[in-house]
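A.B. asks: For reference, the structure I am asking about is given below.
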Amino acid sequence: MKAEERLRAVSAFGFTERQAGFLVTVMQHSGVCLGRHYCAFSGLTHGQKVHDFFTRLLETRIATAHGLGHNRARLYRVHHKGLYQAIGEADNRFRKPVALPRAIERLMVLDAVIADRSLTWLGTERDKVAYFTARVGRKDLPALAFRSADEDTVRYFPDKLPIGVTADGLTYVFLYLITRPVPVDFRQFLE
């Protein structure tokens, strides 16, 4: 599914193009956001429009809010199955509740994606597989295989981290989130 198709599909729920673009970005890259993410994405300052947008998400049960330590900060988790179905990701794991440490990691990923909008960010397994199999064989993609008694499942790009592509398609940005100290010998980190 192309970016324009996702945008139209989410706009069909009654969202403006800006709101739909933000929701698509959140659903593809983190599943969670803060009000400041919408401000950064839209170029708005925190005010009535931001408040109204998140109030609508909560009232229509598209998202849930969780308080963060003090009265003002709220973590929003976008979980509405219909929206995820509309972008072709009905079973995306970002819909599920997440522990706070993992949510913080996802917020950092969302920060990076919103910070560099000059790149086309591939967020879903489907997008990454489609993009890279046009360039290399499927057997060359990073994958994990899961086996059960009755079936085998292969997950491509299992780390779920976004990959940025420049407009000319010649440069890639592989986003990696470092959550522990990097070893003195950087080669150990790469292993």
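Ordered as shown in the structure tokens, chains take letters A, B, and onward, while each chain numbers its residues from 1 and ligands are numbered from 1 in the order shown.
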Using only C-alpha atoms, which residues sit within 8 Å of stretch 157-172 of chain A once same-chain residues fewer than 2 positions away are excluded, as a PyMOL selection string?
C.D. replies: chain A and resi 29+109+113+118-125+128+141-144+155+174-176
A.B. asks: Need to verify the contact set: stretch 36-42 of chain A, 9 Å, only C-alpha atoms, exclusion of same-chain residues closer than 3 positions in sequence. Can you return it as a ChimeraX atom specification?
C.D. replies: /A:18-19,21-22,33,45-46,50,107,110-111,114-115,117
A.B. asks: Taking the chain letters and numbering used in this document, name the residues of stretch 4-104 of chain A that DSSP puts in alpha helix (DSSP H), as a VMD selection string.
C.D. replies: chain A and resid 4 to 11 17 to 29 35 to 42 48 to 59 81 to 86 100 to 104
A.B. asks: As number ranges by chain, list the residues of stretch 59-149 of chain A assigned to strand (DSSP E or B) by DSSP on the backbone atoms of this structure.
C.D. replies: A: 63-68, 70-78, 120-122, 143-147
A.B. asks: Residues at most 10 Å from A:Phe53, counting only C-alpha atoms, excluding those fewer than 4 positions away in the same chain, as a PyMOL selection string?
C.D. replies: chain A and resi 15+19+35+38+48-49+57-58
A.B. asks: Can you work out which one of A:Ile178, A:Leu44, A:Met108, A:Val98 has the shortest atom-to-atom distance to A:Thr64, counting only C-alpha atoms?
C.D. replies: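 Smallest distance to A:Thr64 is found for A:Val98.
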A.B. asks: Considering only C-alpha atoms, state which residue in the set A:Ser30, A:Thr153, A:Thr60, A:Thr133 is at the smallest distance from A:Arg106.
C.D. replies: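 The answer is A:Ser30, which sits nearest to A:Arg106.
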A.B. asks: Neighbouring residues of A:Arg61 were defined as those with any atom within 12 Å, considering only C-alpha atoms; residues of the same chain fewer than 6 positions away were excluded. Please report them as number ranges by chain.
C.D. replies: A: 54-55, 76-83
A.B. asks: So, counting only C-alpha atoms, which residue among A:Gly31, A:Pro181, A:Gly88, A:Gly14 is closest to A:Ile104?
C.D. replies: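 Among the listed residues, the smallest separation from A:Ile104 belongs to A:Gly31.
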